[in-house]
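Below is the file model.pdb, which contains PDB, C-alpha atoms.
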```pdb
ATOM      1  CA  MET A1143     121.549  79.931  96.014
ATOM      2  CA  LEU A1144     122.337  83.566  95.349
ATOM      3  CA  ASN A1145     124.730  85.401  97.593
ATOM      4  CA  SER A1146     122.901  87.933  99.775
ATOM      5  CA  ASN A1147     125.935  90.213  99.440
ATOM      6  CA  HIS A1148     125.532  90.370  95.679
ATOM      7  CA  ASN A1149     126.072  93.852  94.278
ATOM      8  CA  TYR A1150     122.739  94.623  92.651
ATOM      9  CA  GLU A1151     124.135  97.684  90.902
ATOM     10  CA  THR A1152     126.087  95.432  88.525
ATOM     11  CA  ASN A1153     122.810  94.146  87.086
ATOM     12  CA  GLU A1154     121.820  97.668  86.079
ATOM     13  CA  SER A1155     124.857  98.038  83.792
ATOM     14  CA  VAL A1156     123.960  95.081  81.520
ATOM     15  CA  PHE A1157     121.536  97.270  79.548
ATOM     16  CA  THR A1158     121.447 101.013  79.146
ATOM     17  CA  PRO A1159     118.416 102.796  80.667
ATOM     18  CA  GLN A1160     117.101 103.384  77.149
ATOM     19  CA  GLN A1161     117.334  99.674  76.283
ATOM     20  CA  VAL A1162     115.498  98.785  79.483
ATOM     21  CA  LEU A1163     112.609 101.104  78.588
ATOM     22  CA  GLU A1164     112.475  99.843  75.007
ATOM     23  CA  ASN A1165     112.203  96.245  76.209
ATOM     24  CA  ARG A1166     109.429  96.808  78.746
ATOM     25  CA  GLY A1167     106.476  96.437  76.370
ATOM     26  CA  ARG A1168     103.109  96.814  78.067
ATOM     27  CA  VAL A1169     103.411  97.492  81.795
ATOM     28  CA  ALA A1170     101.182  96.465  84.706
ATOM     29  CA  ILE A1171     101.815  98.074  88.096
ATOM     30  CA  PHE A1172     101.030  96.376  91.419
ATOM     31  CA  ILE A1173     101.405  98.593  94.507
ATOM     32  CA  ASP A1174     101.311  97.263  98.064
ATOM     33  CA  GLY A1175      99.835 100.412  99.639
ATOM     34  CA  SER A1176     100.787  99.611 103.234
ATOM     35  CA  ASN A1177     104.363  98.714 102.311
ATOM     36  CA  LEU A1178     104.739 101.922 100.305
ATOM     37  CA  PHE A1179     103.234 104.009 103.105
ATOM     38  CA  TYR A1180     105.727 102.763 105.677
ATOM     39  CA  ALA A1181     108.595 103.119 103.209
ATOM     40  CA  ALA A1182     107.608 106.764 102.707
ATOM     41  CA  LEU A1183     107.619 107.244 106.496
ATOM     42  CA  GLN A1184     111.130 105.813 106.634
ATOM     43  CA  LEU A1185     112.235 108.186 103.862
ATOM     44  CA  GLY A1186     110.508 111.141 105.518
ATOM     45  CA  ILE A1187     108.538 112.059 102.402
ATOM     46  CA  GLU A1188     104.940 112.305 101.216
ATOM     47  CA  ILE A1189     104.210 110.437  98.005
ATOM     48  CA  ASP A1190     102.835 112.383  95.055
ATOM     49  CA  TYR A1191     100.784 109.618  93.440
ATOM     50  CA  THR A1192     100.570 111.361  90.086
ATOM     51  CA  LYS A1193     104.366 111.599  89.948
ATOM     52  CA  LEU A1194     104.649 108.005  91.136
ATOM     53  CA  LEU A1195     102.465 106.704  88.326
ATOM     54  CA  CYS A1196     104.451 108.669  85.745
ATOM     55  CA  ARG A1197     107.784 107.475  87.175
ATOM     56  CA  LEU A1198     106.773 103.812  87.288
ATOM     57  CA  THR A1199     105.250 103.884  83.798
ATOM     58  CA  ALA A1200     108.281 105.799  82.462
ATOM     59  CA  GLY A1201     106.791 106.382  79.033
ATOM     60  CA  SER A1202     105.834 102.736  78.462
ATOM     61  CA  ARG A1203     102.341 101.560  77.561
ATOM     62  CA  LEU A1204     100.365 101.122  80.780
ATOM     63  CA  LEU A1205      97.888  98.273  80.984
ATOM     64  CA  ARG A1206      96.658  99.061  84.494
ATOM     65  CA  SER A1207      97.922 100.307  87.850
ATOM     66  CA  PHE A1208      96.608  98.457  90.898
ATOM     67  CA  PHE A1209      96.739  99.907  94.405
ATOM     68  CA  TYR A1210      96.117  97.431  97.249
ATOM     69  CA  THR A1211      95.220  98.704 100.700
ATOM     70  CA  GLY A1212      93.399  97.970 103.919
ATOM     71  CA  VAL A1213      90.515 100.326 104.658
ATOM     72  CA  ASP A1214      88.679 101.690 107.657
ATOM     73  CA  ARG A1215      85.112 102.296 106.451
ATOM     74  CA  THR A1216      84.583 104.936 109.134
ATOM     75  CA  ASN A1217      87.570 107.015 108.031
ATOM     76  CA  GLU A1218      86.100 109.631 105.697
ATOM     77  CA  LYS A1219      89.486 111.166 104.855
ATOM     78  CA  GLN A1220      90.797 107.800 103.729
ATOM     79  CA  GLN A1221      87.683 107.220 101.637
ATOM     80  CA  GLY A1222      88.280 110.591  99.987
ATOM     81  CA  PHE A1223      91.887 109.670  99.230
ATOM     82  CA  LEU A1224      90.880 106.352  97.659
ATOM     83  CA  LEU A1225      88.220 108.084  95.567
ATOM     84  CA  TRP A1226      90.905 110.481  94.309
ATOM     85  CA  MET A1227      93.116 107.481  93.447
ATOM     86  CA  ARG A1228      90.311 105.842  91.446
ATOM     87  CA  HIS A1229      89.786 109.044  89.464
ATOM     88  CA  ASN A1230      93.494 109.493  88.746
ATOM     89  CA  GLY A1231      94.712 106.339  87.098
ATOM     90  CA  TYR A1232      94.616 103.705  89.840
ATOM     91  CA  ARG A1233      92.459 100.603  90.223
ATOM     92  CA  VAL A1234      91.973 100.379  94.004
ATOM     93  CA  ILE A1235      91.733  96.899  95.540
ATOM     94  CA  SER A1236      90.701  97.154  99.177
ATOM     95  CA  LYS A1237      90.028  94.919 102.156
ATOM     96  CA  ASP A1238      88.603  95.834 105.541
ATOM     97  CA  LEU A1239      91.174  96.183 108.305
ATOM     98  CA  VAL A1240      91.104  93.476 110.978
ATOM     99  CA  GLN A1241      91.907  94.353 114.579
ATOM    100  CA  LEU A1242      94.630  92.170 116.050
ATOM    101  CA  PRO A1243      94.899  91.081 119.709
ATOM    102  CA  ASP A1244      97.497  93.774 120.400
ATOM    103  CA  GLY A1245      95.041  96.464 119.292
ATOM    104  CA  SER A1246      96.689  97.194 115.947
ATOM    105  CA  LYS A1247      94.818  96.888 112.663
ATOM    106  CA  LYS A1248      96.021  95.102 109.560
ATOM    107  CA  ALA A1249      94.827  93.819 106.195
ATOM    108  CA  ASN A1250      97.037  91.409 104.261
ATOM    109  CA  LEU A1251      96.565  91.657 100.495
ATOM    110  CA  ASP A1252      99.421  89.390  99.353
ATOM    111  CA  VAL A1253      96.983  86.841  97.934
ATOM    112  CA  GLU A1254      95.112  89.498  95.927
ATOM    113  CA  ILE A1255      98.377  90.840  94.491
ATOM    114  CA  ALA A1256      99.612  87.354  93.566
ATOM    115  CA  VAL A1257      96.305  86.317  91.963
ATOM    116  CA  ASP A1258      96.092  89.495  89.875
ATOM    117  CA  MET A1259      99.688  89.139  88.699
ATOM    118  CA  MET A1260      99.007  85.568  87.574
ATOM    119  CA  SER A1261      95.537  86.094  86.086
ATOM    120  CA  LEU A1262      96.708  88.950  83.860
ATOM    121  CA  VAL A1263      99.722  87.097  82.445
ATOM    122  CA  GLY A1264      99.511  87.389  78.673
ATOM    123  CA  SER A1265      98.044  90.882  78.856
ATOM    124  CA  TYR A1266     101.266  92.570  79.969
ATOM    125  CA  ASP A1267     105.002  92.180  79.331
ATOM    126  CA  THR A1268     106.492  93.850  82.412
ATOM    127  CA  ALA A1269     105.211  93.791  85.979
ATOM    128  CA  VAL A1270     106.250  96.606  88.305
ATOM    129  CA  LEU A1271     105.798  95.388  91.878
ATOM    130  CA  VAL A1272     106.000  98.085  94.546
ATOM    131  CA  SER A1273     106.583  95.973  97.656
ATOM    132  CA  GLY A1274     109.411  94.472  99.653
ATOM    133  CA  ASP A1275     107.368  91.547 100.981
ATOM    134  CA  GLY A1276     109.215  88.261 100.561
ATOM    135  CA  ASP A1277     105.891  86.387 100.557
ATOM    136  CA  LEU A1278     105.436  87.637  96.988
ATOM    137  CA  ALA A1279     108.658  86.034  95.731
ATOM    138  CA  TYR A1280     106.879  82.829  94.697
ATOM    139  CA  ALA A1281     104.361  84.772  92.593
ATOM    140  CA  VAL A1282     107.137  86.817  90.993
ATOM    141  CA  ASN A1283     109.007  83.638  90.122
ATOM    142  CA  ALA A1284     105.839  82.075  88.699
ATOM    143  CA  VAL A1285     105.035  84.970  86.351
ATOM    144  CA  SER A1286     108.692  85.114  85.305
ATOM    145  CA  TYR A1287     108.421  81.533  84.072
ATOM    146  CA  ARG A1288     105.421  82.641  82.022
ATOM    147  CA  GLY A1289     107.608  85.139  80.166
ATOM    148  CA  VAL A1290     106.940  88.272  82.221
ATOM    149  CA  ARG A1291     109.743  90.665  83.103
ATOM    150  CA  VAL A1292     109.482  91.792  86.746
ATOM    151  CA  GLU A1293     110.757  95.015  88.284
ATOM    152  CA  VAL A1294     110.644  95.347  92.073
ATOM    153  CA  VAL A1295     110.507  98.850  93.551
ATOM    154  CA  SER A1296     110.870  99.219  97.328
ATOM    155  CA  LEU A1297     113.002 100.568 100.135
ATOM    156  CA  ARG A1298     116.092  98.369 100.493
ATOM    157  CA  SER A1299     115.915  98.164 104.289
ATOM    158  CA  MET A1300     112.333  96.849 104.004
ATOM    159  CA  THR A1301     112.940  94.425 101.134
ATOM    160  CA  SER A1302     113.456  90.676 101.313
ATOM    161  CA  ASP A1303     116.541  89.342  99.538
ATOM    162  CA  SER A1304     114.402  86.497  98.171
ATOM    163  CA  LEU A1305     112.220  89.022  96.331
ATOM    164  CA  ILE A1306     115.181  90.875  94.835
ATOM    165  CA  ASN A1307     116.800  87.623  93.751
ATOM    166  CA  VAL A1308     113.833  86.569  91.598
ATOM    167  CA  ALA A1309     113.291  90.014  90.053
ATOM    168  CA  ASP A1310     114.771  91.059  86.715
ATOM    169  CA  ARG A1311     115.420  94.559  88.002
ATOM    170  CA  TYR A1312     115.431  96.145  91.443
ATOM    171  CA  ILE A1313     114.958  99.866  92.138
ATOM    172  CA  ASP A1314     115.519 101.297  95.608
ATOM    173  CA  LEU A1315     112.847 103.865  96.476
ATOM    174  CA  ASP A1316     115.551 105.975  98.060
ATOM    175  CA  SER A1317     117.142 106.441  94.620
ATOM    176  CA  ILE A1318     113.944 107.847  93.085
ATOM    177  CA  LYS A1319     112.453 109.710  96.046
ATOM    178  CA  GLU A1320     113.169 113.101  94.452
ATOM    179  CA  ASP A1321     111.020 112.055  91.473
ATOM    180  CA  ILE A1322     108.004 110.870  93.476
ATOM    181  CA  GLN A1323     107.783 113.073  96.543
ATOM    182  CA  LYS A1324     105.255 115.810  97.025
ATOM    183  CA  ILE A1325     106.675 119.288  97.239
ATOM    184  CA  SER A1326     105.196 120.906 100.337
ATOM    185  CA  ARG A1327     103.533 124.246  99.696
ATOM    186  CA  SER A1328     103.614 125.144 103.366
ATOM    187  CA  TYR A1329     104.903 123.937 106.692
ATOM    188  CA  THR A1330     101.513 123.230 108.221
ATOM    189  CA  TYR A1331     101.460 120.273 110.551
ATOM    190  CA  ARG A1332      99.611 117.177 109.371
ATOM    191  CA  PRO A1333      99.292 114.273 111.813
ATOM    192  CA  LEU A1334     100.141 110.928 110.257
ATOM    193  CA  SER A1335      97.594 108.143 110.298
ATOM    194  CA  SER A1336      98.878 104.663 111.084
ATOM    195  CA  ILE A1337      96.257 103.063 108.896
ATOM    196  CA  GLY A1338      95.130 105.544 106.339
ATOM    197  CA  LEU A1339      97.695 106.556 103.725
ATOM    198  CA  ILE A1340      95.902 109.850 104.187
ATOM    199  CA  ASP A1341      96.901 112.997 102.412
ATOM    200  CA  ASP A1342      95.026 116.234 102.942
ATOM    201  CA  THR A1343      96.343 117.872  99.783
ATOM    202  CA  GLN A1344      96.322 114.989  97.315
ATOM    203  CA  GLU A1345      92.974 116.006  95.918
ATOM    204  CA  ASP A1346      94.118 119.555  95.060
TER     205      ASP A1346
END
```
Encoded form using C-alpha cells:
Amino acid sequence: MLNSNHNYETNESVFTPQQVLENRGRVAIFIDGSNLFYAALQLGIEIDYTKLLCRLTAGSRLLRSFFYTGVDRTNEKQQGFLLWMRHNGYRVISKDLVQLPDGSKKANLDVEIAVDMMSLVGSYDTAVLVSGDGDLAYAVNAVSYRGVRVEVVSLRSMTSDSLINVADRYIDLDSIKEDIQKISRSYTYRPLSSIGLIDDTQED
C-alpha cells in the first residue's frame, strides 16, 4: 500500500519535461466536465478551453479529446457552449441531468469515461484524465496493465489518493492555472450556473 504522505513531486524529477513529452506518443484526453467545473470554481478562474486543449496535448499527437458532462436540454446557453466545444476540438459525451431528492441535479459519467478509456486501448499511448474521482482508479489501473501511460490532471484538494497512486504522472490544476485560464476583457458580472459549465464569451 502506498503512503498517502508520499511526496509526488519526487516522481516528476525521474524524467526531464522534454523526456516526458517525447515518451507520450499518441494522446487521448478524457475530461470529467463537472469535476473540472468545480475545480475551476475552487481556483476562482474561468477555463479557456482552447488553451486547455493546447496545454493538455502539449505538442504531442492528439487522437481525440473527450468532454463528459451532464446536460439540461432546456438550457440554451449550455447547448450553445457544447456546440462551441464540438466545433473546437472536443468530442462531447453528454447525459441528461437527473434531479435528486434534495432538489439538486446530477449526471454521473464515470462508466462512460471508463468504457471509452478501455475500448480505445491500442489506439493511443498516453491517456490524460482530467478528474479527481477515485471511482476511476480501477479503470486507470486496467489501461495501465494494457501498456497505456496515464496522466491525471486535477485539483489536489478534490483528488483521491487512490487515483494518484495508480497514475504514472499527476499534475495539480493549481500549478497550470495560469496556462489555462481565460483572461477577462472586462469586469462585467456573470452569474455562475451550478449545472451548466456556461461561459458567455467562449464562443467569441
When the PyMOL selection byres ((chain A and resi 1230) around 12) is applied to the file above, which residues end up in the set, as a compact mmCIF listing (two decimals) with C-alpha atoms, in the coordinates of the input?
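Writing the result to expr.txt gives the following:
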```
# COMPACT_ATOMS: atom_id res chain seq x y z
CA ASP A 1190 102.84 112.38 95.06
CA TYR A 1191 100.78 109.62 93.44
CA THR A 1192 100.57 111.36 90.09
CA LYS A 1193 104.37 111.60 89.95
CA LEU A 1194 104.65 108.00 91.14
CA LEU A 1195 102.46 106.70 88.33
CA CYS A 1196 104.45 108.67 85.74
CA ARG A 1206 96.66 99.06 84.49
CA SER A 1207 97.92 100.31 87.85
CA PHE A 1208 96.61 98.46 90.90
CA PHE A 1209 96.74 99.91 94.40
CA PHE A 1223 91.89 109.67 99.23
CA LEU A 1224 90.88 106.35 97.66
CA LEU A 1225 88.22 108.08 95.57
CA TRP A 1226 90.90 110.48 94.31
CA MET A 1227 93.12 107.48 93.45
CA ARG A 1228 90.31 105.84 91.45
CA HIS A 1229 89.79 109.04 89.46
CA GLY A 1231 94.71 106.34 87.10
CA TYR A 1232 94.62 103.70 89.84
CA ARG A 1233 92.46 100.60 90.22
CA VAL A 1234 91.97 100.38 94.00
CA GLN A 1344 96.32 114.99 97.32
CA GLU A 1345 92.97 116.01 95.92
CA ASP A 1346 94.12 119.56 95.06
```
Pick out the residues sitting within 7 Å of stretch 1267-1269 of chain A, and hand them over as a PDB file with C-alpha atoms, in the coordinates of the input; count all atoms listed in the file, and ignore anything fewer than 6 positions along from it in its own chain.
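Saved result, selection-v5.pdb, follows:
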```pdb
ATOM      1  CA  ARG A1166     109.429  96.808  78.746  1.00  0.00           C
ATOM      2  CA  GLY A1167     106.476  96.437  76.370  1.00  0.00           C
ATOM      3  CA  ARG A1168     103.109  96.814  78.067  1.00  0.00           C
ATOM      4  CA  VAL A1169     103.411  97.492  81.795  1.00  0.00           C
ATOM      5  CA  ALA A1170     101.182  96.465  84.706  1.00  0.00           C
ATOM      6  CA  ILE A1171     101.815  98.074  88.096  1.00  0.00           C
ATOM      7  CA  VAL A1290     106.940  88.272  82.221  1.00  0.00           C
ATOM      8  CA  ARG A1291     109.743  90.665  83.103  1.00  0.00           C
ATOM      9  CA  VAL A1292     109.482  91.792  86.746  1.00  0.00           C
ATOM     10  CA  GLU A1293     110.757  95.015  88.284  1.00  0.00           C
TER      11      GLU A1293
END
```
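The residue that comes closest to A:Gln1241, out of A:Val1295, A:Thr1199, A:Gly1212, A:Val1253 and on the basis of all atoms listed in the file, is A:Gly1212.
Each of A:Ser1326, A:Ser1286, A:Ser1236, A:Ser1273 was compared to A:Ile1187 using all atoms listed in the file, and A:Ser1326 turns out to be the nearest.
Those residues that approach A:Ala1181 to within 7 Å, counting only C-alpha atoms, are Asn1177, Leu1185 and Leu1297 of chain A; same-chain residues fewer than 4 positions away are not listed.
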Translate the PyMOL selection byres ((chain A and resi 1254) around 12), as applied to the file shown, into an explicit residue set as a PDB file with C-alpha atoms, keeping the file's coordinate frame.
```
ATOM      1  CA  PHE A1172     101.030  96.376  91.419  1.00  0.00           C
ATOM      2  CA  ILE A1173     101.405  98.593  94.507  1.00  0.00           C
ATOM      3  CA  ASP A1174     101.311  97.263  98.064  1.00  0.00           C
ATOM      4  CA  PHE A1208      96.608  98.457  90.898  1.00  0.00           C
ATOM      5  CA  PHE A1209      96.739  99.907  94.405  1.00  0.00           C
ATOM      6  CA  TYR A1210      96.117  97.431  97.249  1.00  0.00           C
ATOM      7  CA  THR A1211      95.220  98.704 100.700  1.00  0.00           C
ATOM      8  CA  GLY A1212      93.399  97.970 103.919  1.00  0.00           C
ATOM      9  CA  VAL A1234      91.973 100.379  94.004  1.00  0.00           C
ATOM     10  CA  ILE A1235      91.733  96.899  95.540  1.00  0.00           C
ATOM     11  CA  SER A1236      90.701  97.154  99.177  1.00  0.00           C
ATOM     12  CA  LYS A1237      90.028  94.919 102.156  1.00  0.00           C
ATOM     13  CA  ALA A1249      94.827  93.819 106.195  1.00  0.00           C
ATOM     14  CA  ASN A1250      97.037  91.409 104.261  1.00  0.00           C
ATOM     15  CA  LEU A1251      96.565  91.657 100.495  1.00  0.00           C
ATOM     16  CA  ASP A1252      99.421  89.390  99.353  1.00  0.00           C
ATOM     17  CA  VAL A1253      96.983  86.841  97.934  1.00  0.00           C
ATOM     18  CA  ILE A1255      98.377  90.840  94.491  1.00  0.00           C
ATOM     19  CA  ALA A1256      99.612  87.354  93.566  1.00  0.00           C
ATOM     20  CA  VAL A1257      96.305  86.317  91.963  1.00  0.00           C
ATOM     21  CA  ASP A1258      96.092  89.495  89.875  1.00  0.00           C
ATOM     22  CA  MET A1259      99.688  89.139  88.699  1.00  0.00           C
ATOM     23  CA  MET A1260      99.007  85.568  87.574  1.00  0.00           C
ATOM     24  CA  SER A1261      95.537  86.094  86.086  1.00  0.00           C
ATOM     25  CA  LEU A1278     105.436  87.637  96.988  1.00  0.00           C
ATOM     26  CA  ALA A1281     104.361  84.772  92.593  1.00  0.00           C
TER      27      ALA A1281
END
```
Mind listing whatever residues come within 12 Å of the point (110.4, 91.4, 97.8)? Use only C-alpha atoms, file coordinates, and give them as a count of residues only.
41
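Ranking A:Leu1178, A:Val1240, A:Tyr1266, A:Glu1218 by their shortest atom-to-atom distance to A:Arg1203, with only C-alpha atoms included, puts A:Tyr1266 first.
Note that the spacing between atom CA of A:Tyr1180 and atom CA of A:Lys1319 amounts to 13.6 Å.
Proximity ranking of A:Val1285, A:Asn1217, A:Gly1186, A:Ile1325 relative to A:Ser1265 places A:Val1285 first, based on only C-alpha atoms.
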Centre, x/y/z edge lengths, axis-aligned box for stretch 1237-1255 of chain A with 4 Å per side, as JSON:
```
{"center_x": 94.0, "center_y": 92.0, "center_z": 107.4, "size_x": 18.8, "size_y": 18.4, "size_z": 33.9}
```
Could you work out how far atom CA of A:Arg1197 lies from atom CA of A:Phe1179, giving the answer in Å with one decimal?
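These atoms are spaced 16.9 Å apart.
Each of A:Asp1214, A:Gln1323, A:Leu1205, A:Gly1222 was compared to A:Val1263 using all atoms listed in the file, and A:Leu1205 turns out to be the nearest.
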How many Å separate atom CA of A:Ala1182 from atom CA of A:Asp1321?
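Those two atoms sit 12.9 Å apart.
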